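As structure tokens, the structure follows; a few thoughts come after it.
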Amino acid sequence: MQHVTFSPTQQRNCLKDRKGKTPRSYRQDRMTSLQMSAKEEMLEKFLDAAARGDLSQVSTLLSGVPSLINQTGYSGWTALMLAARNGHYHVAEALLSHGCDKFSVNSSSQTAYDIAKFWGHRHVSNLLSRTDDGCRRILPGSDLSQQENYFSRETLDRLSGKRTDTGWLEAKQSDPDTVYILFSNLSPMVSSLQEEGSAGEETRLCRFRYEDVKDLLQKPDTVLIFLGVEKRKKPSSSSSSLQTDRGIWEPAAWFAINTDEDAAELLKRCREKNCSFPKTPNRDLLKLSEEEAGVVAQARSVLAWHSRYSFCPTCGGSTKLEEGGYKRSCLNANCRSLKGVHNTCYPRVDPVVIMLVIHPDGNQCLLGRKKVFPVGMFSCLAGFIEPGETIEEAVRRETEEESGIKVGPVQYVSCQPWPMPSNLMIGCLAVAISTDIRVDENEIEEARWFPRQQVIDSLFRGSRPTFTVPPRQTIAHQLIRHWIGMNSNL
């Protein structure tokens with residue numbers, strides 16, 4: 001590619017995409033109408049500030065209207081893409097710290113990472129390819145960063161070493177800054193709010209203090225789980241952390257409570273409006289923020305284990321909760337589970353492989369649908385890993401069982417906790433070595449090879465998509481997007 005040198009003005013205004021369109025700036029070119037709504041004008045100011053590298057204005061606008069963070073302008077460009085295009089590291093860093101989606105794509109199927117790399121802004125591309133601990137994971141044969149999936153964000157420091165410290169746990173339970181979240185029938189209490197400047201509702205966890213729930217803690221049927229403490233780099237005046245007599249800052253602890261008390265009575269405890277317990281978790285829990293979804297994934301998975309293992313699986317005797325809710329010990333002194341280490345005493349996680357199978361020509365992928373799927377939706381194939389089976393062999397076995405397709409090479413991409421009730425979805429790409437589909441109708445009702453362009457049209461909502469894919473919060477969606485992004489034609 002011929003190297004082009006831009007003047008500072010051209011670097012600020014030139015936002016060339018692969019289709020050859022070169023808008024000068026979003027305020028000059030995106031809107032030609034003389035009349036502009038306040039919401040549109042605010043979005044224009046936000047995108048323009050990101051393109052110019054005006055960190056102060058970006059931060060000011062975000063503090064007023066947080067929903068601007070992932071909104072798009074001309075050709076589907078977000079503020080992060082504009083900052084990446086023009087090499088504005090500090091703006092990109094600030095947007096990431098506010099939780100923007102770095103995996104969204106524009107109308108040319110480019111992520112912010114793709115854009116920064118294409119235009120030679122290595123410092124920005126390194127930032128966008130970095131995981132939270134600053135390490136890069138480069139998959140063999142590709143140059144894509146490790147992705148973060150919904151339900152997987154660790155907002156809390158679990159402090160597993162404190163689970164056996166009963167004195168510390170009891171002190172935290174009664175601490176006025178401790179946060180409690182309430183569950184009824186494994187559903188968390190949430191409130192639905194209409195955020196200013198946003199088109200839809202925002203779902204948030206209802207948070208309670210010790211005085212609000214101390215009566216529940218005294219009931220024998222209440223299950224209490226220690227989730228961890230808030231991650232804090234440094235204390236601030238708005239922090240819910242507290243300072244001890246020795247001057248050491250201690251972050252607020254979080255607990256989850258599951259109780260058999262009537263759900264309607266529990267809702268009366270909440271001071272917020274529009275509170276409820278979600279009835280369809282597979283859909284409703286996907287409305288939470290990334291941070292709160294991670295907390296719910298942890299809490300719901302452990303609570304679900306308690307609901308299924310209230311009696312000892314070894315002898316059938318009664319059990320008691322220990323270690324902050326992460327262990328159940330049998331009360332039968334002669335039970336074998338009390339001798340040595342037994343996995344029946346600790347929360348279980350069920351591993352599941354989910355795979356996007358790629359056609360031998362590299363330009364098609366295999367997707368299937370179950371009868372319970374919404375009309376027109378296709379997804380990746382998936383199945384449980386069996387005892388004594390590797391991830392690779394599980395991918396090959398499940399793919400052949402469900403579709404008749406034989407698979408060769410298998411490559412791990414990323415994983416996702418899925419608290420329905422407690423699965424770990426292990427996402428992989430797999431290359432087919434056969435192409436004739438023979439569907440096992442007990443598992444799925446239909447499977448097809450879909451060409452790349454057809455998948456792009458469905459993934460990014462073309463004018464007439466022929467099928468739909470699962471929502472972005474699912475790892476199936478992210479696997480499909482990952483495959484598309486691996487070969488973006490910039």
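So you can find residues: chains in the structure tokens are A, B, ... in the order shown, residues in each start at 1, and ligands are numbered from 1 in order.
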
Could you give me, as a VMD selection string, each residue of segment 359-452 of chain A that DSSP assigns to alpha helix (DSSP H) when run on this structure's backbone?
-> chain A and resid 391 to 403 452

Store the residues of this selection in a file with N, CA and C atoms, as a compact mmCIF listing (two decimals), in the first residue's frame.
# COMPACT_ATOMS: atom_id res chain seq x y z
N ILE A 391 -11.43 -30.95 24.55
CA ILE A 391 -12.24 -29.94 23.86
C ILE A 391 -12.31 -30.25 22.37
N GLU A 392 -11.16 -30.57 21.78
CA GLU A 392 -11.12 -30.82 20.33
C GLU A 392 -12.00 -32.00 19.93
N GLU A 393 -11.91 -33.06 20.69
CA GLU A 393 -12.71 -34.25 20.35
C GLU A 393 -14.19 -33.99 20.58
N ALA A 394 -14.53 -33.21 21.58
CA ALA A 394 -15.94 -32.87 21.81
C ALA A 394 -16.49 -32.07 20.63
N VAL A 395 -15.69 -31.13 20.11
CA VAL A 395 -16.11 -30.36 18.93
C VAL A 395 -16.36 -31.29 17.76
N ARG A 396 -15.45 -32.22 17.52
CA ARG A 396 -15.60 -33.13 16.37
C ARG A 396 -16.81 -34.05 16.56
N ARG A 397 -16.96 -34.60 17.77
CA ARG A 397 -18.07 -35.53 18.00
C ARG A 397 -19.42 -34.83 17.88
N GLU A 398 -19.57 -33.68 18.56
CA GLU A 398 -20.86 -32.99 18.54
C GLU A 398 -21.22 -32.49 17.14
N THR A 399 -20.23 -32.00 16.40
CA THR A 399 -20.51 -31.53 15.04
C THR A 399 -21.01 -32.67 14.16
N GLU A 400 -20.34 -33.81 14.25
CA GLU A 400 -20.76 -34.94 13.41
C GLU A 400 -22.10 -35.50 13.87
N GLU A 401 -22.33 -35.55 15.18
CA GLU A 401 -23.61 -36.06 15.67
C GLU A 401 -24.78 -35.19 15.21
N GLU A 402 -24.60 -33.87 15.26
CA GLU A 402 -25.72 -32.97 14.97
C GLU A 402 -25.90 -32.69 13.49
N SER A 403 -24.80 -32.70 12.72
CA SER A 403 -24.92 -32.28 11.32
C SER A 403 -24.38 -33.28 10.30
N ARG A 452 -20.20 -16.07 3.27
CA ARG A 452 -19.72 -14.98 4.10
C ARG A 452 -20.56 -13.72 3.95

Find the spatial neighbours of Pro278 of chain A, counting only C-alpha atoms, within a cut-off of 12 Å - ignore same-chain residues fewer than 6 positions away - and output them as a list in words.
-> Phe183, Ser184, Asn185, Leu186, Ser187, Pro188, Met189, Val190, Ser191, Ser192, Thr203, Arg204, Leu205, Ala263, Asp284, Leu285, Leu286, Lys287 and Leu288 of chain A

Would you mind exporting the chosen residues as an mmCIF file, in the first residue's frame, restricted to C-alpha atoms?
data_model
loop_
_atom_site.group_PDB
_atom_site.id
_atom_site.type_symbol
_atom_site.label_atom_id
_atom_site.label_comp_id
_atom_site.auth_asym_id
_atom_site.auth_seq_id
_atom_site.Cartn_x
_atom_site.Cartn_y
_atom_site.Cartn_z
ATOM 1 C CA PHE A 183 -32.743 -13.368 44.338
ATOM 2 C CA SER A 184 -36.102 -15.096 44.224
ATOM 3 C CA ASN A 185 -36.299 -18.425 42.412
ATOM 4 C CA LEU A 186 -32.789 -17.707 41.039
ATOM 5 C CA SER A 187 -33.873 -14.401 39.479
ATOM 6 C CA PRO A 188 -32.269 -11.161 40.720
ATOM 7 C CA MET A 189 -34.398 -8.163 41.642
ATOM 8 C CA VAL A 190 -33.893 -5.486 38.983
ATOM 9 C CA SER A 191 -35.276 -2.066 38.181
ATOM 10 C CA SER A 192 -36.055 -0.758 34.705
ATOM 11 C CA THR A 203 -32.063 -2.700 33.523
ATOM 12 C CA ARG A 204 -30.098 -2.419 36.774
ATOM 13 C CA LEU A 205 -29.647 -4.598 39.830
ATOM 14 C CA ALA A 263 -41.565 -12.359 45.713
ATOM 15 C CA ASP A 284 -34.099 -10.706 30.465
ATOM 16 C CA LEU A 285 -30.642 -11.093 32.024
ATOM 17 C CA LEU A 286 -29.108 -9.987 28.714
ATOM 18 C CA LYS A 287 -30.396 -6.466 29.403
ATOM 19 C CA LEU A 288 -27.974 -5.849 32.280
#

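Closest approach to Lys102 of chain A among A:Trp119, A:Trp77, A:Tyr309, A:Tyr326: A:Trp77, based on only C-alpha atoms.
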
Select, from A:Ala253, A:Val91, A:Ile437, A:Leu80, the residue with the minimum atom-to-atom distance to Val58 of chain A, counting only C-alpha atoms.
->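 When distances to Val58 of chain A are compared using only C-alpha atoms, the smallest one comes from A:Val91.
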
Residue nearest Cys330 of chain A among A:Val223, A:Cys315, A:Cys428, A:Ala252 (counting only C-alpha atoms) | A:Cys315

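The smallest atom-to-atom distance between Ala92 of chain A and any of A:Ser104, A:Ser289, A:Ser125, A:Ser63, using only C-alpha atoms, is found for A:Ser125.
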
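Using only C-alpha atoms, the shortest contact distance between His477 of chain A and any of A:Val124, A:Leu367, A:Cys270, A:Val372 is found at A:Leu367.
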
Restricting the calculation to only C-alpha atoms, which member of A:Thr259, A:Gln298, A:Ser434, A:Thr222 is positioned closest to Phe151 of chain A?
->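 Checking each of A:Thr259, A:Gln298, A:Ser434, A:Thr222 against Phe151 of chain A, counting only C-alpha atoms, the winner is A:Gln298.
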
Students should find that atom CA of Asn274 of chain A and atom CA of Asp221 of chain A are spaced 27.1 Å

Fewer than 3 positions away in the same chain doesn't count, so skip those; otherwise give me all residues within 12 Å of Lys327 of chain A, counting only C-alpha atoms, as number ranges by chain.
-> A: 160, 163-164, 223-226, 302-303, 305-306, 309-310, 312, 319-324, 330, 337-338, 341-348

Next, write the just-selected residues to a file, as a CSV table (one decimal), in the first residue's frame, keeping N, CA, C and O atoms as the atom set.
chain,number,residue,atom,x,y,z
A,160,SER,N,-11.1,-15.1,47.4
A,160,SER,CA,-11.5,-16.5,47.8
A,160,SER,C,-10.7,-16.9,49.1
A,160,SER,O,-11.2,-17.7,49.9
A,163,ARG,N,-12.9,-16.6,52.3
A,163,ARG,CA,-14.1,-17.4,52.5
A,163,ARG,C,-14.0,-18.2,53.8
A,163,ARG,O,-15.1,-18.6,54.3
A,164,THR,N,-12.9,-18.6,54.3
A,164,THR,CA,-12.8,-19.4,55.5
A,164,THR,C,-12.6,-18.5,56.7
A,164,THR,O,-12.6,-19.0,57.8
A,223,VAL,N,-30.2,-18.5,51.7
A,223,VAL,CA,-28.8,-18.8,51.2
A,223,VAL,C,-28.0,-17.6,51.0
A,223,VAL,O,-28.5,-16.7,50.2
A,224,LEU,N,-26.9,-17.4,51.6
A,224,LEU,CA,-26.1,-16.2,51.6
A,224,LEU,C,-24.7,-16.6,50.9
A,224,LEU,O,-24.0,-17.5,51.3
A,225,ILE,N,-24.4,-15.8,49.9
A,225,ILE,CA,-23.1,-16.1,49.1
A,225,ILE,C,-22.3,-14.8,49.2
A,225,ILE,O,-22.7,-13.7,48.8
A,226,PHE,N,-21.0,-15.0,49.6
A,226,PHE,CA,-20.1,-13.9,49.5
A,226,PHE,C,-19.5,-13.8,48.1
A,226,PHE,O,-18.9,-14.7,47.6
A,302,VAL,N,-23.8,-20.1,41.5
A,302,VAL,CA,-23.6,-20.7,42.9
A,302,VAL,C,-24.9,-21.0,43.5
A,302,VAL,O,-25.1,-22.0,44.2
A,303,LEU,N,-25.8,-20.0,43.4
A,303,LEU,CA,-27.2,-20.2,44.0
A,303,LEU,C,-27.9,-21.4,43.4
A,303,LEU,O,-28.6,-22.1,44.1
A,305,TRP,N,-26.5,-24.0,42.2
A,305,TRP,CA,-25.9,-25.3,42.7
A,305,TRP,C,-26.5,-25.6,44.1
A,305,TRP,O,-26.8,-26.7,44.4
A,306,HIS,N,-26.7,-24.6,44.9
A,306,HIS,CA,-27.3,-24.8,46.3
A,306,HIS,C,-28.7,-25.3,46.1
A,306,HIS,O,-29.2,-26.1,46.9
A,309,TYR,N,-28.4,-29.1,45.3
A,309,TYR,CA,-27.6,-29.9,46.2
A,309,TYR,C,-27.8,-29.6,47.7
A,309,TYR,O,-26.8,-29.5,48.4
A,310,SER,N,-29.0,-29.4,48.0
A,310,SER,CA,-29.3,-29.2,49.4
A,310,SER,C,-29.1,-30.4,50.3
A,310,SER,O,-28.9,-30.3,51.5
A,312,CYS,N,-26.7,-34.2,50.7
A,312,CYS,CA,-25.4,-34.7,50.3
A,312,CYS,C,-25.6,-35.7,49.1
A,312,CYS,O,-26.4,-36.7,49.3
A,319,THR,N,-27.0,-31.1,54.7
A,319,THR,CA,-25.7,-30.4,54.6
A,319,THR,C,-25.8,-29.0,55.2
A,319,THR,O,-26.9,-28.5,55.4
A,320,LYS,N,-24.7,-28.4,55.4
A,320,LYS,CA,-24.6,-27.0,55.9
A,320,LYS,C,-23.7,-26.2,54.9
A,320,LYS,O,-22.8,-26.8,54.3
A,321,LEU,N,-24.0,-24.9,54.9
A,321,LEU,CA,-23.1,-24.0,54.1
A,321,LEU,C,-21.9,-23.6,54.8
A,321,LEU,O,-21.9,-23.4,56.0
A,322,GLU,N,-20.8,-23.6,54.1
A,322,GLU,CA,-19.5,-23.1,54.6
A,322,GLU,C,-18.8,-22.3,53.6
A,322,GLU,O,-19.2,-22.2,52.4
A,323,GLU,N,-17.7,-21.7,54.0
A,323,GLU,CA,-16.8,-20.9,53.2
A,323,GLU,C,-17.5,-19.9,52.3
A,323,GLU,O,-17.3,-19.8,51.1
A,324,GLY,N,-18.3,-19.1,53.0
A,324,GLY,CA,-18.9,-18.0,52.3
A,324,GLY,C,-19.9,-18.4,51.2
A,324,GLY,O,-20.3,-17.7,50.3
A,330,CYS,N,-21.4,-32.3,54.6
A,330,CYS,CA,-22.4,-33.2,55.1
A,330,CYS,C,-22.4,-33.2,56.6
A,330,CYS,O,-21.3,-33.2,57.2
A,337,SER,N,-17.8,-38.2,52.1
A,337,SER,CA,-17.4,-36.9,51.5
A,337,SER,C,-16.6,-36.1,52.5
A,337,SER,O,-16.0,-35.1,52.1
A,338,LEU,N,-16.6,-36.5,53.8
A,338,LEU,CA,-15.8,-35.8,54.8
A,338,LEU,C,-14.4,-36.2,54.9
A,338,LEU,O,-13.6,-35.7,55.6
A,341,VAL,N,-10.8,-35.0,49.5
A,341,VAL,CA,-11.5,-33.9,48.7
A,341,VAL,C,-12.5,-34.5,47.7
A,341,VAL,O,-12.1,-35.4,47.0
A,342,HIS,N,-13.7,-34.0,47.7
A,342,HIS,CA,-14.8,-34.5,46.9
A,342,HIS,C,-15.4,-33.4,46.1
A,342,HIS,O,-15.7,-32.3,46.7
A,343,ASN,N,-15.6,-33.5,44.8
A,343,ASN,CA,-16.2,-32.4,44.1
A,343,ASN,C,-17.7,-32.3,44.3
A,343,ASN,O,-18.3,-31.3,43.9
A,344,THR,N,-18.3,-33.2,45.1
A,344,THR,CA,-19.7,-33.0,45.5
A,344,THR,C,-19.8,-31.9,46.5
A,344,THR,O,-20.9,-31.4,46.8
A,345,CYS,N,-18.7,-31.5,47.1
A,345,CYS,CA,-18.8,-30.5,48.2
A,345,CYS,C,-18.7,-29.0,47.7
A,345,CYS,O,-18.9,-28.1,48.4
A,346,TYR,N,-18.4,-28.9,46.4
A,346,TYR,CA,-18.1,-27.6,45.8
A,346,TYR,C,-19.0,-27.3,44.6
A,346,TYR,O,-19.4,-28.2,43.9
A,347,PRO,N,-19.2,-26.0,44.3
A,347,PRO,CA,-20.1,-25.7,43.1
A,347,PRO,C,-19.5,-26.3,41.9
A,347,PRO,O,-18.3,-26.3,41.6
A,348,ARG,N,-20.4,-26.8,41.0
A,348,ARG,CA,-20.0,-27.5,39.8
A,348,ARG,C,-20.2,-26.5,38.6
A,348,ARG,O,-21.0,-25.6,38.6

Could you pull the residues within 9 Å of Leu356 of chain A, counting only C-alpha atoms, minus those fewer than 5 positions along the same chain, as a list in words?
->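 Surrounding residues, per the criterion: Cys365, Leu366, Leu367, Ser379, Cys380, Leu381, Gly427, Cys428, Leu429, Ala430, Val431, Ala476, Leu479, Ile480 and Trp483 of chain A.
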
Go ahead and write the selection's residues with N, CA and C atoms as a PDB file, in the first residue's frame.
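In the end it all went to part-v8.pdb:
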ATOM      1  N   CYS A 365     -19.812 -20.768   6.411  1.00  0.00           N
ATOM      2  CA  CYS A 365     -19.821 -21.354   7.758  1.00  0.00           C
ATOM      3  C   CYS A 365     -21.098 -22.144   7.964  1.00  0.00           C
ATOM      4  N   LEU A 366     -21.030 -23.085   8.879  1.00  0.00           N
ATOM      5  CA  LEU A 366     -22.156 -23.976   9.158  1.00  0.00           C
ATOM      6  C   LEU A 366     -22.933 -23.453  10.361  1.00  0.00           C
ATOM      7  N   LEU A 367     -24.224 -23.237  10.175  1.00  0.00           N
ATOM      8  CA  LEU A 367     -25.094 -22.804  11.264  1.00  0.00           C
ATOM      9  C   LEU A 367     -26.326 -23.697  11.294  1.00  0.00           C
ATOM     10  N   SER A 379     -27.785 -20.510  14.565  1.00  0.00           N
ATOM     11  CA  SER A 379     -26.701 -20.285  15.518  1.00  0.00           C
ATOM     12  C   SER A 379     -25.616 -21.338  15.325  1.00  0.00           C
ATOM     13  N   CYS A 380     -24.554 -21.223  16.114  1.00  0.00           N
ATOM     14  CA  CYS A 380     -23.474 -22.213  16.104  1.00  0.00           C
ATOM     15  C   CYS A 380     -23.953 -23.517  16.737  1.00  0.00           C
ATOM     16  N   LEU A 381     -23.338 -24.603  16.349  1.00  0.00           N
ATOM     17  CA  LEU A 381     -23.616 -25.882  16.982  1.00  0.00           C
ATOM     18  C   LEU A 381     -22.940 -25.925  18.351  1.00  0.00           C
ATOM     19  N   GLY A 427     -15.725 -21.505  23.298  1.00  0.00           N
ATOM     20  CA  GLY A 427     -15.919 -21.156  21.900  1.00  0.00           C
ATOM     21  C   GLY A 427     -14.733 -21.539  21.032  1.00  0.00           C
ATOM     22  N   CYS A 428     -15.008 -22.201  19.909  1.00  0.00           N
ATOM     23  CA  CYS A 428     -13.957 -22.670  19.008  1.00  0.00           C
ATOM     24  C   CYS A 428     -14.322 -22.413  17.549  1.00  0.00           C
ATOM     25  N   LEU A 429     -13.297 -22.300  16.717  1.00  0.00           N
ATOM     26  CA  LEU A 429     -13.444 -22.386  15.275  1.00  0.00           C
ATOM     27  C   LEU A 429     -13.004 -23.783  14.863  1.00  0.00           C
ATOM     28  N   ALA A 430     -13.667 -24.348  13.879  1.00  0.00           N
ATOM     29  CA  ALA A 430     -13.317 -25.683  13.406  1.00  0.00           C
ATOM     30  C   ALA A 430     -13.409 -25.706  11.886  1.00  0.00           C
ATOM     31  N   VAL A 431     -12.510 -26.444  11.249  1.00  0.00           N
ATOM     32  CA  VAL A 431     -12.487 -26.540   9.787  1.00  0.00           C
ATOM     33  C   VAL A 431     -13.061 -27.881   9.372  1.00  0.00           C
ATOM     34  N   ALA A 476     -22.083 -17.227  20.636  1.00  0.00           N
ATOM     35  CA  ALA A 476     -22.326 -17.614  19.242  1.00  0.00           C
ATOM     36  C   ALA A 476     -22.206 -16.395  18.330  1.00  0.00           C
ATOM     37  N   LEU A 479     -18.500 -15.447  18.080  1.00  0.00           N
ATOM     38  CA  LEU A 479     -17.742 -16.361  17.221  1.00  0.00           C
ATOM     39  C   LEU A 479     -17.953 -16.038  15.753  1.00  0.00           C
ATOM     40  N   ILE A 480     -19.204 -15.749  15.386  1.00  0.00           N
ATOM     41  CA  ILE A 480     -19.502 -15.388  13.997  1.00  0.00           C
ATOM     42  C   ILE A 480     -18.796 -14.091  13.628  1.00  0.00           C
ATOM     43  N   TRP A 483     -15.059 -14.639  13.157  1.00  0.00           N
ATOM     44  CA  TRP A 483     -14.737 -15.231  11.849  1.00  0.00           C
ATOM     45  C   TRP A 483     -14.786 -14.181  10.747  1.00  0.00           C
TER      46      TRP A 483
END

Do you have the atom CA of Ala382 of chain A-atom CA of Phe103 of chain A distance handy?
->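 Separating atom CA of Ala382 of chain A from atom CA of Phe103 of chain A is a distance of 22.8 Å.
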
Report the residues of segment 166-292 of chain A whose backbone DSSP state falls under strand (DSSP E), written as a VMD selection string.
-> chain A and resid 179 to 184 187 to 188 190 to 194 201 to 205 223 to 230 242 to 243 249 to 250 253 to 258 275 to 276

Please, could you write that set of residues out with C-alpha atoms as a tab-separated table (two decimals), in the first residue's frame?
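Here's the written file selection.tsv:
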chain	number	residue	atom	x	y	z
A	179	VAL	CA	-24.06	-4.30	49.12
A	180	TYR	CA	-26.69	-7.05	48.95
A	181	ILE	CA	-28.52	-8.26	45.85
A	182	LEU	CA	-31.74	-10.26	46.30
A	183	PHE	CA	-32.74	-13.37	44.34
A	184	SER	CA	-36.10	-15.10	44.22
A	187	SER	CA	-33.87	-14.40	39.48
A	188	PRO	CA	-32.27	-11.16	40.72
A	190	VAL	CA	-33.89	-5.49	38.98
A	191	SER	CA	-35.28	-2.07	38.18
A	192	SER	CA	-36.06	-0.76	34.71
A	193	LEU	CA	-35.19	2.86	34.02
A	194	GLN	CA	-35.53	5.11	31.00
A	201	GLU	CA	-34.94	0.95	28.97
A	202	GLU	CA	-31.90	0.24	31.12
A	203	THR	CA	-32.06	-2.70	33.52
A	204	ARG	CA	-30.10	-2.42	36.77
A	205	LEU	CA	-29.65	-4.60	39.83
A	223	VAL	CA	-28.82	-18.84	51.24
A	224	LEU	CA	-26.07	-16.22	51.55
A	225	ILE	CA	-23.15	-16.05	49.11
A	226	PHE	CA	-20.07	-13.85	49.50
A	227	LEU	CA	-19.34	-12.49	46.02
A	228	GLY	CA	-16.23	-10.41	46.72
A	229	VAL	CA	-15.28	-6.77	47.14
A	230	GLU	CA	-15.34	-3.92	44.67
A	242	LEU	CA	-14.55	3.03	53.83
A	243	GLN	CA	-11.49	3.93	55.86
A	249	TRP	CA	-9.05	1.88	52.59
A	250	GLU	CA	-11.31	-1.17	52.37
A	253	ALA	CA	-18.20	-6.15	50.03
A	254	TRP	CA	-21.01	-7.73	47.98
A	255	PHE	CA	-23.30	-10.60	48.99
A	256	ALA	CA	-26.11	-12.41	47.18
A	257	ILE	CA	-29.21	-13.62	49.02
A	258	ASN	CA	-31.67	-16.23	47.78
A	275	CYS	CA	-38.76	-3.29	40.26
A	276	SER	CA	-39.30	-6.91	39.26
